[in-house]
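Novice: Below you'll find work.pdb; it's PDB, C-alpha atoms.
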ATOM      1  CA  MET A 277      40.241 -32.428 -60.690  1.00  0.00           C
ATOM      2  CA  SER A 278      37.640 -32.189 -63.417  1.00  0.00           C
ATOM      3  CA  LEU A 279      38.637 -31.512 -66.981  1.00  0.00           C
ATOM      4  CA  SER A 280      36.637 -28.287 -67.040  1.00  0.00           C
ATOM      5  CA  ASN A 281      39.155 -26.774 -64.610  1.00  0.00           C
ATOM      6  CA  SER A 282      41.926 -27.159 -67.158  1.00  0.00           C
ATOM      7  CA  ALA A 283      42.560 -24.816 -70.049  1.00  0.00           C
ATOM      8  CA  LEU A 284      42.026 -27.592 -72.598  1.00  0.00           C
ATOM      9  CA  ILE A 285      38.438 -26.817 -73.662  1.00  0.00           C
ATOM     10  CA  SER A 286      36.033 -24.159 -72.497  1.00  0.00           C
ATOM     11  CA  PRO A 287      32.342 -25.023 -72.052  1.00  0.00           C
ATOM     12  CA  LYS A 288      31.367 -22.421 -74.647  1.00  0.00           C
ATOM     13  CA  SER A 289      33.439 -24.147 -77.335  1.00  0.00           C
ATOM     14  CA  LEU A 290      31.349 -27.324 -77.144  1.00  0.00           C
ATOM     15  CA  SER A 291      28.461 -27.993 -79.454  1.00  0.00           C
ATOM     16  CA  PRO A 292      25.152 -27.179 -77.735  1.00  0.00           C
ATOM     17  CA  GLY A 293      23.819 -30.518 -78.982  1.00  0.00           C
ATOM     18  CA  SER A 294      26.645 -32.503 -77.422  1.00  0.00           C
ATOM     19  CA  ARG A 295      25.304 -35.694 -75.945  1.00  0.00           C
ATOM     20  CA  LEU A 296      27.115 -38.463 -74.160  1.00  0.00           C
ATOM     21  CA  ILE A 297      25.384 -41.837 -74.157  1.00  0.00           C
ATOM     22  CA  VAL A 298      26.525 -44.305 -71.532  1.00  0.00           C
ATOM     23  CA  CYS A 299      25.273 -47.862 -71.839  1.00  0.00           C
ATOM     24  CA  GLU A 300      26.169 -49.943 -68.797  1.00  0.00           C
ATOM     25  CA  ARG A 301      24.645 -52.294 -66.249  1.00  0.00           C
ATOM     26  CA  THR A 302      25.399 -50.565 -62.936  1.00  0.00           C
ATOM     27  CA  GLY A 303      25.679 -46.793 -63.405  1.00  0.00           C
ATOM     28  CA  GLU A 304      29.166 -46.611 -61.886  1.00  0.00           C
ATOM     29  CA  TRP A 305      30.876 -45.303 -65.034  1.00  0.00           C
ATOM     30  CA  THR A 306      28.104 -42.746 -65.539  1.00  0.00           C
ATOM     31  CA  ALA A 307      28.448 -41.407 -62.005  1.00  0.00           C
ATOM     32  CA  ALA A 308      32.201 -41.002 -62.416  1.00  0.00           C
ATOM     33  CA  LEU A 309      31.784 -39.318 -65.805  1.00  0.00           C
ATOM     34  CA  ARG A 310      29.168 -36.876 -64.499  1.00  0.00           C
ATOM     35  CA  LYS A 311      31.657 -35.707 -61.851  1.00  0.00           C
ATOM     36  CA  GLU A 312      34.250 -35.002 -64.529  1.00  0.00           C
ATOM     37  CA  LEU A 313      31.791 -33.269 -66.871  1.00  0.00           C
ATOM     38  CA  VAL A 314      29.871 -31.250 -64.273  1.00  0.00           C
ATOM     39  CA  ASP A 315      30.900 -27.804 -65.586  1.00  0.00           C
ATOM     40  CA  LEU A 316      30.555 -28.588 -69.288  1.00  0.00           C
ATOM     41  CA  ASN A 317      27.615 -28.361 -71.646  1.00  0.00           C
ATOM     42  CA  VAL A 318      27.349 -32.118 -72.175  1.00  0.00           C
ATOM     43  CA  LYS A 319      24.068 -33.949 -71.785  1.00  0.00           C
ATOM     44  CA  VAL A 320      24.479 -37.465 -70.389  1.00  0.00           C
ATOM     45  CA  PHE A 321      21.958 -40.108 -71.356  1.00  0.00           C
ATOM     46  CA  GLU A 322      22.194 -43.351 -69.431  1.00  0.00           C
ATOM     47  CA  CYS A 323      20.746 -46.639 -70.603  1.00  0.00           C
ATOM     48  CA  ARG A 324      21.088 -50.322 -69.827  1.00  0.00           C
ATOM     49  CA  ARG A 325      20.692 -52.028 -73.227  1.00  0.00           C
ATOM     50  CA  LEU A 326      22.536 -51.577 -76.520  1.00  0.00           C
ATOM     51  CA  ALA A 327      19.245 -51.262 -78.423  1.00  0.00           C
ATOM     52  CA  GLU A 328      18.372 -48.214 -76.289  1.00  0.00           C
ATOM     53  CA  ALA A 329      21.800 -46.703 -76.952  1.00  0.00           C
ATOM     54  CA  TRP A 330      21.432 -47.084 -80.706  1.00  0.00           C
ATOM     55  CA  ALA A 331      17.962 -45.524 -80.600  1.00  0.00           C
ATOM     56  CA  ALA A 332      19.473 -42.539 -78.737  1.00  0.00           C
ATOM     57  CA  LEU A 333      22.246 -42.236 -81.336  1.00  0.00           C
ATOM     58  CA  ALA A 334      19.666 -41.280 -83.950  1.00  0.00           C
ATOM     59  CA  GLN A 335      18.467 -38.255 -81.971  1.00  0.00           C
ATOM     60  CA  THR A 336      21.342 -35.781 -82.338  1.00  0.00           C
ATOM     61  CA  ASN A 337      24.483 -35.008 -84.313  1.00  0.00           C
ATOM     62  CA  ALA A 338      27.182 -34.520 -81.679  1.00  0.00           C
ATOM     63  CA  ILE A 339      27.303 -37.907 -80.008  1.00  0.00           C
ATOM     64  CA  PHE A 340      29.793 -39.982 -78.108  1.00  0.00           C
ATOM     65  CA  LEU A 341      28.837 -43.466 -76.961  1.00  0.00           C
ATOM     66  CA  ILE A 342      30.447 -45.258 -74.051  1.00  0.00           C
ATOM     67  CA  ALA A 343      29.318 -48.877 -74.006  1.00  0.00           C
ATOM     68  CA  GLU A 344      30.129 -51.492 -71.419  1.00  0.00           C
ATOM     69  CA  ALA A 345      31.336 -54.798 -72.819  1.00  0.00           C
ATOM     70  CA  THR A 346      30.224 -57.871 -70.903  1.00  0.00           C
ATOM     71  CA  SER A 347      30.524 -61.542 -71.651  1.00  0.00           C
ATOM     72  CA  GLY A 348      26.789 -61.489 -72.426  1.00  0.00           C
ATOM     73  CA  ASN A 349      26.778 -58.580 -74.902  1.00  0.00           C
ATOM     74  CA  LEU A 350      30.230 -58.723 -76.497  1.00  0.00           C
ATOM     75  CA  SER A 351      29.192 -60.227 -79.832  1.00  0.00           C
ATOM     76  CA  GLU A 352      26.229 -57.831 -80.184  1.00  0.00           C
ATOM     77  CA  LEU A 353      28.421 -54.864 -79.268  1.00  0.00           C
ATOM     78  CA  VAL A 354      31.080 -55.791 -81.826  1.00  0.00           C
ATOM     79  CA  GLU A 355      28.437 -56.244 -84.524  1.00  0.00           C
ATOM     80  CA  ARG A 356      26.887 -52.844 -83.787  1.00  0.00           C
ATOM     81  CA  LEU A 357      30.268 -51.071 -83.622  1.00  0.00           C
ATOM     82  CA  LYS A 358      31.089 -52.330 -87.132  1.00  0.00           C
ATOM     83  CA  TRP A 359      28.283 -50.180 -88.545  1.00  0.00           C
ATOM     84  CA  LEU A 360      28.551 -47.159 -86.255  1.00  0.00           C
ATOM     85  CA  ARG A 361      30.446 -44.842 -88.605  1.00  0.00           C
ATOM     86  CA  ARG A 362      28.279 -45.783 -91.570  1.00  0.00           C
ATOM     87  CA  ASP A 363      25.005 -45.230 -89.728  1.00  0.00           C
ATOM     88  CA  PHE A 364      26.120 -42.277 -87.565  1.00  0.00           C
ATOM     89  CA  PRO A 365      29.065 -40.527 -89.269  1.00  0.00           C
ATOM     90  CA  HIS A 366      29.647 -37.965 -86.501  1.00  0.00           C
ATOM     91  CA  ALA A 367      29.355 -40.422 -83.622  1.00  0.00           C
ATOM     92  CA  ARG A 368      32.305 -42.059 -81.912  1.00  0.00           C
ATOM     93  CA  ALA A 369      32.369 -44.881 -79.384  1.00  0.00           C
ATOM     94  CA  ALA A 370      34.533 -46.080 -76.543  1.00  0.00           C
ATOM     95  CA  VAL A 371      34.200 -49.337 -74.666  1.00  0.00           C
ATOM     96  CA  VAL A 372      34.551 -49.904 -70.939  1.00  0.00           C
ATOM     97  CA  ALA A 373      34.779 -53.332 -69.387  1.00  0.00           C
ATOM     98  CA  ASP A 374      35.668 -55.315 -66.327  1.00  0.00           C
ATOM     99  CA  ARG A 375      39.341 -56.238 -66.073  1.00  0.00           C
ATOM    100  CA  SER A 376      38.456 -59.839 -66.879  1.00  0.00           C
ATOM    101  CA  LEU A 377      37.611 -58.725 -70.429  1.00  0.00           C
ATOM    102  CA  THR A 378      40.827 -56.863 -71.256  1.00  0.00           C
ATOM    103  CA  ASP A 379      41.591 -59.514 -73.870  1.00  0.00           C
ATOM    104  CA  CYS A 380      38.712 -58.173 -75.973  1.00  0.00           C
ATOM    105  CA  GLU A 381      40.277 -54.689 -76.323  1.00  0.00           C
ATOM    106  CA  TRP A 382      41.622 -55.173 -79.825  1.00  0.00           C
ATOM    107  CA  LEU A 383      38.449 -56.892 -80.965  1.00  0.00           C
ATOM    108  CA  VAL A 384      36.311 -53.868 -80.072  1.00  0.00           C
ATOM    109  CA  ARG A 385      38.924 -51.450 -81.422  1.00  0.00           C
ATOM    110  CA  GLU A 386      38.947 -53.314 -84.730  1.00  0.00           C
ATOM    111  CA  ALA A 387      35.159 -53.123 -84.797  1.00  0.00           C
ATOM    112  CA  GLY A 388      35.252 -49.328 -84.387  1.00  0.00           C
ATOM    113  CA  ALA A 389      35.800 -48.307 -80.771  1.00  0.00           C
ATOM    114  CA  ILE A 390      38.298 -45.458 -80.496  1.00  0.00           C
ATOM    115  CA  HIS A 391      39.169 -46.132 -76.859  1.00  0.00           C
ATOM    116  CA  PHE A 392      39.007 -48.984 -74.357  1.00  0.00           C
ATOM    117  CA  LEU A 393      39.107 -48.817 -70.557  1.00  0.00           C
ATOM    118  CA  ALA A 394      39.131 -51.539 -67.934  1.00  0.00           C
ATOM    119  CA  SER A 395      39.759 -49.253 -64.966  1.00  0.00           C
ATOM    120  CA  PRO A 396      37.885 -46.174 -63.737  1.00  0.00           C
ATOM    121  CA  ARG A 397      41.269 -44.814 -62.629  1.00  0.00           C
ATOM    122  CA  GLN A 398      42.048 -44.164 -66.301  1.00  0.00           C
ATOM    123  CA  LEU A 399      38.841 -42.192 -66.799  1.00  0.00           C
ATOM    124  CA  GLN A 400      40.623 -38.886 -67.426  1.00  0.00           C
ATOM    125  CA  SER A 401      41.980 -40.130 -70.768  1.00  0.00           C
ATOM    126  CA  LEU A 402      38.460 -41.030 -71.889  1.00  0.00           C
ATOM    127  CA  VAL A 403      37.034 -37.687 -70.735  1.00  0.00           C
ATOM    128  CA  THR A 404      39.715 -35.872 -72.740  1.00  0.00           C
ATOM    129  CA  ILE A 405      38.748 -37.814 -75.878  1.00  0.00           C
ATOM    130  CA  VAL A 406      35.037 -37.130 -75.343  1.00  0.00           C
ATOM    131  CA  ILE A 407      35.580 -33.385 -74.894  1.00  0.00           C
ATOM    132  CA  ARG A 408      37.838 -33.151 -77.954  1.00  0.00           C
ATOM    133  CA  HIS A 409      35.231 -34.967 -80.021  1.00  0.00           C
ATOM    134  CA  PHE A 410      32.503 -32.554 -78.935  1.00  0.00           C
ATOM    135  CA  ALA A 411      34.730 -29.563 -79.660  1.00  0.00           C
ATOM    136  CA  ILE A 412      35.307 -30.557 -83.297  1.00  0.00           C
ATOM    137  CA  VAL A 413      32.042 -32.199 -84.316  1.00  0.00           C
ATOM    138  CA  PRO A 414      29.837 -30.080 -86.602  1.00  0.00           C
ATOM    139  CA  LEU A 415      27.174 -28.068 -84.833  1.00  0.00           C
ATOM    140  CA  PRO A 416      23.640 -29.339 -85.345  1.00  0.00           C
ATOM    141  CA  ALA A 417      21.187 -26.983 -87.021  1.00  0.00           C
ATOM    142  CA  GLN A 418      19.299 -24.985 -84.400  1.00  0.00           C
ATOM    143  CA  THR A 419      16.468 -22.538 -84.467  1.00  0.00           C
ATOM    144  CA  LEU A 420      17.075 -19.093 -83.031  1.00  0.00           C
ATOM    145  CA  THR A 421      15.118 -20.061 -79.917  1.00  0.00           C
ATOM    146  CA  GLU A 422      17.278 -23.180 -79.412  1.00  0.00           C
ATOM    147  CA  GLN A 423      20.442 -21.097 -79.814  1.00  0.00           C
ATOM    148  CA  ILE A 424      19.268 -18.625 -77.177  1.00  0.00           C
ATOM    149  CA  TRP A 425      18.310 -21.369 -74.709  1.00  0.00           C
ATOM    150  CA  ALA A 426      21.630 -23.150 -75.261  1.00  0.00           C
ATOM    151  CA  SER A 427      23.553 -19.940 -74.526  1.00  0.00           C
ATOM    152  CA  LEU A 428      21.824 -19.275 -71.192  1.00  0.00           C
ATOM    153  CA  PRO A 429      23.966 -20.151 -68.165  1.00  0.00           C
ATOM    154  CA  TRP A 430      21.332 -22.336 -66.504  1.00  0.00           C
ATOM    155  CA  ALA A 431      20.847 -24.415 -69.680  1.00  0.00           C
ATOM    156  CA  ARG A 432      24.088 -26.278 -68.818  1.00  0.00           C
ATOM    157  CA  HIS A 433      22.763 -27.344 -65.422  1.00  0.00           C
ATOM    158  CA  GLY A 434      19.420 -28.715 -66.572  1.00  0.00           C
ATOM    159  CA  THR A 435      20.552 -32.314 -67.088  1.00  0.00           C
TER     160      THR A 435
END
Starting from the coordinates I provided, produce the structure as structure tokens.

Specialist:
Amino acid sequence: MSLSNSALISPKSLSPGSRLIVCERTGEWTAALRKELVDLNVKVFECRRLAEAWAALAQTNAIFLIAEATSGNLSELVERLKWLRRDFPHARAAVVADRSLTDCEWLVREAGAIHFLASPRQLQSLVTIVIRHFAIVPLPAQTLTEQIWASLPWARHGT
């Protein structure tokens, strides 16, 4: 059951600039997240490298980053997470990883991640956190035209 079917958050309560950035190697987490977020006004941007994710962070106000930790990118990810709140005050990040990296959970949490997952079966908890973040983050400044487009029903299905 997708989160949008629950009474927790309605799609209209989310910021029109809400953007979820998923940085992972395979696309599996993104596919699962898209299923959960299908009825909500959340744009999903998928990338493969942390540098791309950080470039995307600079483009909007209401951002949530989900980054995959691997043995090859763990030190870079931790270093970037340390500066996330300073560089992007409204952004929050969660880390997903293979079960073999569960020992790094507290390392990435200490660096700034607000959630850690090593199993797609626990995805609902992450989706709840993402939606709550988008519901409380300040709305980005929009022109009247942008406000009208964001309020149209088909605007939510364009991504």

Novice: Report as a PyMOL selection string the residues that result from applying the PyMOL selection byres ((chain A and resi 346) around 8) to the structure here.

Specialist: chain A and resi 344-345+347-350+373-374+377

Novice: For the residues in that selection, give me C-alpha atoms as a CSV table (one decimal), in the frame of the given file.

Specialist:
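Below is the file that was written, selection.csv:
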chain,number,residue,atom,x,y,z
A,344,GLU,CA,30.1,-51.5,-71.4
A,345,ALA,CA,31.3,-54.8,-72.8
A,347,SER,CA,30.5,-61.5,-71.7
A,348,GLY,CA,26.8,-61.5,-72.4
A,349,ASN,CA,26.8,-58.6,-74.9
A,350,LEU,CA,30.2,-58.7,-76.5
A,373,ALA,CA,34.8,-53.3,-69.4
A,374,ASP,CA,35.7,-55.3,-66.3
A,377,LEU,CA,37.6,-58.7,-70.4

Novice: So what do you get for CA of Arg385 (chain A) versus CA of Ile407 (chain A), distance-wise?

Specialist: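 Interatomic distance, CA of Arg385 (chain A) to CA of Ile407 (chain A): 19.5 Å.
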
Novice: Hey, can you check how far CA of Arg356 (chain A) sits from CA of Ile390 (chain A)?

Specialist: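 These atoms are spaced 14.0 Å apart.
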
Novice: Which centre and edge lengths in Å to one decimal define the box along x, y and z that fits every listed atom of region 383-396 of chain A plus 6 Å per side, as AutoDock Vina command-line options?

Specialist:
--center_x 37.5 --center_y -51.2 --center_z -74.3 --size_x 16.6 --size_y 23.4 --size_z 33.1

Novice: Can you measure CA of Ser351 (chain A) to CA of Glu381 (chain A) for me? One decimal in Å is fine.

Specialist: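 Interatomic distance here is 12.9 Å.
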
Novice: Which of these residues is nearest to Ile342 (chain A), using all atoms listed in the file: A:Arg408, A:Arg310, A:Arg362, A:Arg368?

Specialist: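 Counting all atoms listed in the file, the residue closest to Ile342 (chain A) is A:Arg368.
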
Novice: Out of A:Leu383, A:Ile424, A:Leu357, A:Thr404, which residue has the shortest atom-to-atom distance to Glu312 (chain A) when counting all atoms listed in the file?

Specialist: A:Thr404

Novice: For Pro396 (chain A), which of A:Ala332, A:Ala307, A:Ser427, A:Glu352 is the closest residue, counting only C-alpha atoms?

Specialist: A:Ala307

Novice: Name all residues at most 10 Å from Arg301 (chain A) (count all atoms listed in the file; drop same-chain ones fewer than 2 positions away) and give them as a PyMOL selection string.

Specialist: chain A and resi 298-299+303-305+322-325+343-346

Novice: For the selection you just gave me, I'd like the residues written to a file as an mmCIF file, in the coordinates of the input, keeping C-alpha atoms.

Specialist:
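Result saved to again-v3.cif:
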data_model
loop_
_atom_site.group_PDB
_atom_site.id
_atom_site.type_symbol
_atom_site.label_atom_id
_atom_site.label_comp_id
_atom_site.auth_asym_id
_atom_site.auth_seq_id
_atom_site.Cartn_x
_atom_site.Cartn_y
_atom_site.Cartn_z
ATOM 1 C CA VAL A 298 26.525 -44.305 -71.532
ATOM 2 C CA CYS A 299 25.273 -47.862 -71.839
ATOM 3 C CA GLY A 303 25.679 -46.793 -63.405
ATOM 4 C CA GLU A 304 29.166 -46.611 -61.886
ATOM 5 C CA TRP A 305 30.876 -45.303 -65.034
ATOM 6 C CA GLU A 322 22.194 -43.351 -69.431
ATOM 7 C CA CYS A 323 20.746 -46.639 -70.603
ATOM 8 C CA ARG A 324 21.088 -50.322 -69.827
ATOM 9 C CA ARG A 325 20.692 -52.028 -73.227
ATOM 10 C CA ALA A 343 29.318 -48.877 -74.006
ATOM 11 C CA GLU A 344 30.129 -51.492 -71.419
ATOM 12 C CA ALA A 345 31.336 -54.798 -72.819
ATOM 13 C CA THR A 346 30.224 -57.871 -70.903
#

Novice: Kindly reconstruct region 296-322 of chain A with N, CA and C atoms and present the result as a CSV table (one decimal), in the frame of the given file.

Specialist:
chain,number,residue,atom,x,y,z
A,296,LEU,N,26.4,-37.3,-74.5
A,296,LEU,CA,27.1,-38.5,-74.2
A,296,LEU,C,26.1,-39.6,-73.8
A,297,ILE,N,26.2,-40.7,-74.5
A,297,ILE,CA,25.4,-41.8,-74.2
A,297,ILE,C,26.2,-42.9,-73.5
A,298,VAL,N,25.8,-43.3,-72.3
A,298,VAL,CA,26.5,-44.3,-71.5
A,298,VAL,C,25.6,-45.5,-71.4
A,299,CYS,N,26.0,-46.6,-71.9
A,299,CYS,CA,25.3,-47.9,-71.8
A,299,CYS,C,26.0,-48.8,-71.0
A,300,GLU,N,25.5,-49.1,-69.8
A,300,GLU,CA,26.2,-49.9,-68.8
A,300,GLU,C,25.1,-50.6,-67.9
A,301,ARG,N,25.6,-51.6,-67.1
A,301,ARG,CA,24.6,-52.3,-66.2
A,301,ARG,C,24.4,-51.6,-64.9
A,302,THR,N,25.5,-51.0,-64.3
A,302,THR,CA,25.4,-50.6,-62.9
A,302,THR,C,25.3,-49.1,-62.7
A,303,GLY,N,25.7,-48.2,-63.6
A,303,GLY,CA,25.7,-46.8,-63.4
A,303,GLY,C,27.0,-46.2,-62.8
A,304,GLU,N,27.9,-47.1,-62.5
A,304,GLU,CA,29.2,-46.6,-61.9
A,304,GLU,C,30.0,-45.7,-62.8
A,305,TRP,N,30.1,-46.1,-64.1
A,305,TRP,CA,30.9,-45.3,-65.0
A,305,TRP,C,30.2,-44.0,-65.2
A,306,THR,N,28.9,-44.0,-65.3
A,306,THR,CA,28.1,-42.7,-65.5
A,306,THR,C,28.3,-41.8,-64.4
A,307,ALA,N,28.3,-42.3,-63.2
A,307,ALA,CA,28.4,-41.4,-62.0
A,307,ALA,C,29.8,-40.8,-62.0
A,308,ALA,N,30.8,-41.5,-62.3
A,308,ALA,CA,32.2,-41.0,-62.4
A,308,ALA,C,32.3,-40.0,-63.5
A,309,LEU,N,31.7,-40.2,-64.7
A,309,LEU,CA,31.8,-39.3,-65.8
A,309,LEU,C,31.1,-38.0,-65.5
A,310,ARG,N,29.9,-38.1,-64.9
A,310,ARG,CA,29.2,-36.9,-64.5
A,310,ARG,C,30.0,-36.0,-63.6
A,311,LYS,N,30.8,-36.5,-62.7
A,311,LYS,CA,31.7,-35.7,-61.9
A,311,LYS,C,32.7,-35.0,-62.7
A,312,GLU,N,33.2,-35.6,-63.7
A,312,GLU,CA,34.2,-35.0,-64.5
A,312,GLU,C,33.7,-34.0,-65.5
A,313,LEU,N,32.4,-34.1,-65.9
A,313,LEU,CA,31.8,-33.3,-66.9
A,313,LEU,C,30.8,-32.2,-66.3
A,314,VAL,N,30.9,-32.1,-65.0
A,314,VAL,CA,29.9,-31.2,-64.3
A,314,VAL,C,29.8,-29.8,-64.8
A,315,ASP,N,30.9,-29.2,-65.2
A,315,ASP,CA,30.9,-27.8,-65.6
A,315,ASP,C,30.8,-27.6,-67.1
A,316,LEU,N,30.6,-28.7,-67.8
A,316,LEU,CA,30.6,-28.6,-69.3
A,316,LEU,C,29.1,-28.8,-69.8
A,317,ASN,N,28.9,-28.3,-71.0
A,317,ASN,CA,27.6,-28.4,-71.6
A,317,ASN,C,27.4,-29.7,-72.4
A,318,VAL,N,27.5,-30.8,-71.6
A,318,VAL,CA,27.3,-32.1,-72.2
A,318,VAL,C,26.2,-32.8,-71.5
A,319,LYS,N,25.2,-33.2,-72.3
A,319,LYS,CA,24.1,-33.9,-71.8
A,319,LYS,C,24.5,-35.4,-71.7
A,320,VAL,N,24.2,-36.1,-70.6
A,320,VAL,CA,24.5,-37.5,-70.4
A,320,VAL,C,23.2,-38.2,-70.4
A,321,PHE,N,23.1,-39.2,-71.3
A,321,PHE,CA,22.0,-40.1,-71.4
A,321,PHE,C,22.4,-41.5,-70.9
A,322,GLU,N,21.8,-42.1,-70.0
A,322,GLU,CA,22.2,-43.4,-69.4
A,322,GLU,C,21.2,-44.4,-69.8
